[in-house]
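The structure appears below as structure tokens.
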Amino acid sequence: MSGSNDDERTGRRTSRRRLLQGVGLAATVGLAGCTSLPGRGYDRTQDDFDPKSLPYDETYPDDDGVTMFREGTRRLGYYPDAVVPESVEKEWSMPINEIGHTAAKASPRPTPDGETLIIPSDTGKVHAVRPDGEQLWTVETGAARSLGIHGTPLIVDGTAYISGYDGAMYAFDVATGERVWKTSNWRLRGAIAIGSSPVYWDGVIYVVAEYNYPWQEPSGTAWALDAETGRPLWHDDRLWGMPHPSFAIDPATERIITGSNDGVCYCWEFPSLDFAWEFQTGAEIKGTIPTYEGKAFVGSWDGYFYCLNLEDGSQEWSFETGDIIMSNPGIDPDSGVVYVGSDDRHVHALDTETGEELWSRNVGGHVIGSLSVTSESVLVGSYDTHLYALKKDTGAVRWRVPNNGHVTSEAVPHDGRIYYAERADLSGYWSDDSETVVETPGHAYCLGPES
């Protein structure tokens, strides 16, 4: 994995780190980069905003019609009501992925009523299927001419919002697959890719886009879009390094946060979107940053996992895995434990207050995707091609399921089933002299209780 970042990206990151060496690994306040766009205004103050502490198991405050990546705005990956069977079998699968790009794959996302799954692919297609595997519709996006779709859908009141590696945002009607709107990359200042998964609050979508050159501005921009029309409402181009992570919104502390390939964690006040602080790690930040109890949890390619104070960005503790951290951590808010995967082939369970390691478990390969937490289990995909269910309190393996390629999507438990996706099984991808051949397409899977 460490070989996938190129010299230009590394050079940009190093230059930025040198620029900030005077303050070390500390929070710094930024003042430039924020812009409101002309036209119909975006009320960034929202006087009726209530930052009360909301239940952690809510997918979206006061609205049953919304579902999104990592099961909510805090991006906890927490499914307290989900039941993981003692043993499982594959109920169905469908081929979706064929591209060798090393970013984690998009995750299947059930609609709020659970009647439909929206499954994006790295070929640029979006599929809608029923929980039993019946295919309803398939549409092709402009991302078919690039690296496809890697962001997980946001679904709001019957509309699915999709980010593409063509630099565009899409909205589709869940019932029919009809396109509701498209915000093209030229409306997003020439974005070349959007790898992040959109987050939603009060009629507005927040997403992060990538641009051509990590050493030039802009190389990353945070966007707010009108959910009804796709119209850009606000942007901030302070991000460097072609960012991949998604936004997290923490209503209790009034913060919205993301990271980037420059190794910096960026945080704004919310909903005002006034910039609050940034924190420099030692290498790329690829994973989405969950928030919990006034803290942000950040994995870095420098091999450290950081706990930051959301108010001011100060570091509370760090934990060293000794290898790249690319995965999206999962948090159990009921027990105060954060679960993080690493290229060290382990899942680590850490106390959220102290960073103390409670247990670790070897899962046979790199972990670069998302960890999902239920009342009893941690679900995690591995480069060894298996999906694992680990006991939450000890890390013991409950079961593991073999697949064709690396399992890098989030495993989503819903209504007694588990949905996830894998990479294609490729040959020649890592060789400069060989043609890449798709030996077996990457599939989306549905697991159910073993009969």
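Lettering and numbering for the structure tokens are positional, with chains as A, B, ... in the shown order, residues counted from 1 in each chain, and ligands counted from 1 in the shown order.
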request  = Mind checking which residues fall within 10 Å of Asp132 (chain A), counting only C-alpha atoms, ignoring those fewer than 2 positions away in the same chain, and posting them as a PyMOL selection string?
outcome  = chain A and resi 91-92+115-117+129-130+134-135+417+446
request  = Do a neighbour search on region 324-333 of chain A at 9 Å with only C-alpha atoms, toss out local chain neighbours closer than 4 positions, and write the hits as a PyMOL selection string.
outcome  = chain A and resi 1-2+56-57+70+75-80+104+245+284-293+297-305+337-344+352+367-375+378+408+410
Compile the contact shell of Trp399 (chain A) as an mmCIF file with C-alpha atoms, in the first residue's frame: residues with an atom at most 8 Å away, counting only C-alpha atoms, same-chain residues fewer than 6 positions apart removed.
```cif
data_model
loop_
_atom_site.group_PDB
_atom_site.id
_atom_site.type_symbol
_atom_site.label_atom_id
_atom_site.label_comp_id
_atom_site.auth_asym_id
_atom_site.auth_seq_id
_atom_site.Cartn_x
_atom_site.Cartn_y
_atom_site.Cartn_z
ATOM 1 C CA GLU A 86 -24.065 -17.324 14.667
ATOM 2 C CA SER A 87 -23.329 -18.770 11.225
ATOM 3 C CA TYR A 388 -14.858 -11.465 9.489
ATOM 4 C CA ALA A 389 -17.278 -11.269 12.381
ATOM 5 C CA LEU A 390 -15.318 -10.719 15.598
#
```
Best match for closeness to Gly230 (chain A) among A:Ile249, A:Asn403, A:Gln280, A:Tyr161, counting only C-alpha atoms =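 That would be A:Tyr161, the residue with the smallest distance to Gly230 (chain A).
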Could you pull out the helix (DSSP H, G or I) residues of region 117-271 of chain A from DSSP and send them as a short mmCIF file (atom, residue, chain, number, x, y, z; two decimals) with C-alpha atoms, in the first residue's frame?
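Full text of states27.cif as output:
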```cif
data_model
loop_
_atom_site.label_atom_id
_atom_site.label_comp_id
_atom_site.auth_asym_id
_atom_site.auth_seq_id
_atom_site.Cartn_x
_atom_site.Cartn_y
_atom_site.Cartn_z
CA GLY A 142 -20.40 9.70 -16.49
CA ALA A 143 -18.04 8.04 -14.02
CA ALA A 144 -18.04 5.02 -16.36
CA ARG A 145 -15.35 6.86 -18.30
CA ASN A 185 -17.54 18.81 -12.53
CA TRP A 186 -17.29 22.21 -14.25
CA ARG A 187 -19.83 23.56 -11.75
CA LEU A 188 -17.47 22.29 -9.05
#
```
inquiry  = Using Å and a single decimal, report how far CA of Ser246 (chain A) sits from CA of Phe270 (chain A).
reply    = 15.6 Å
message = Report, in Å to a single decimal, how far apart CA of Pro402 (chain A) and CA of Thr385 (chain A) are.
response = 5.9 Å
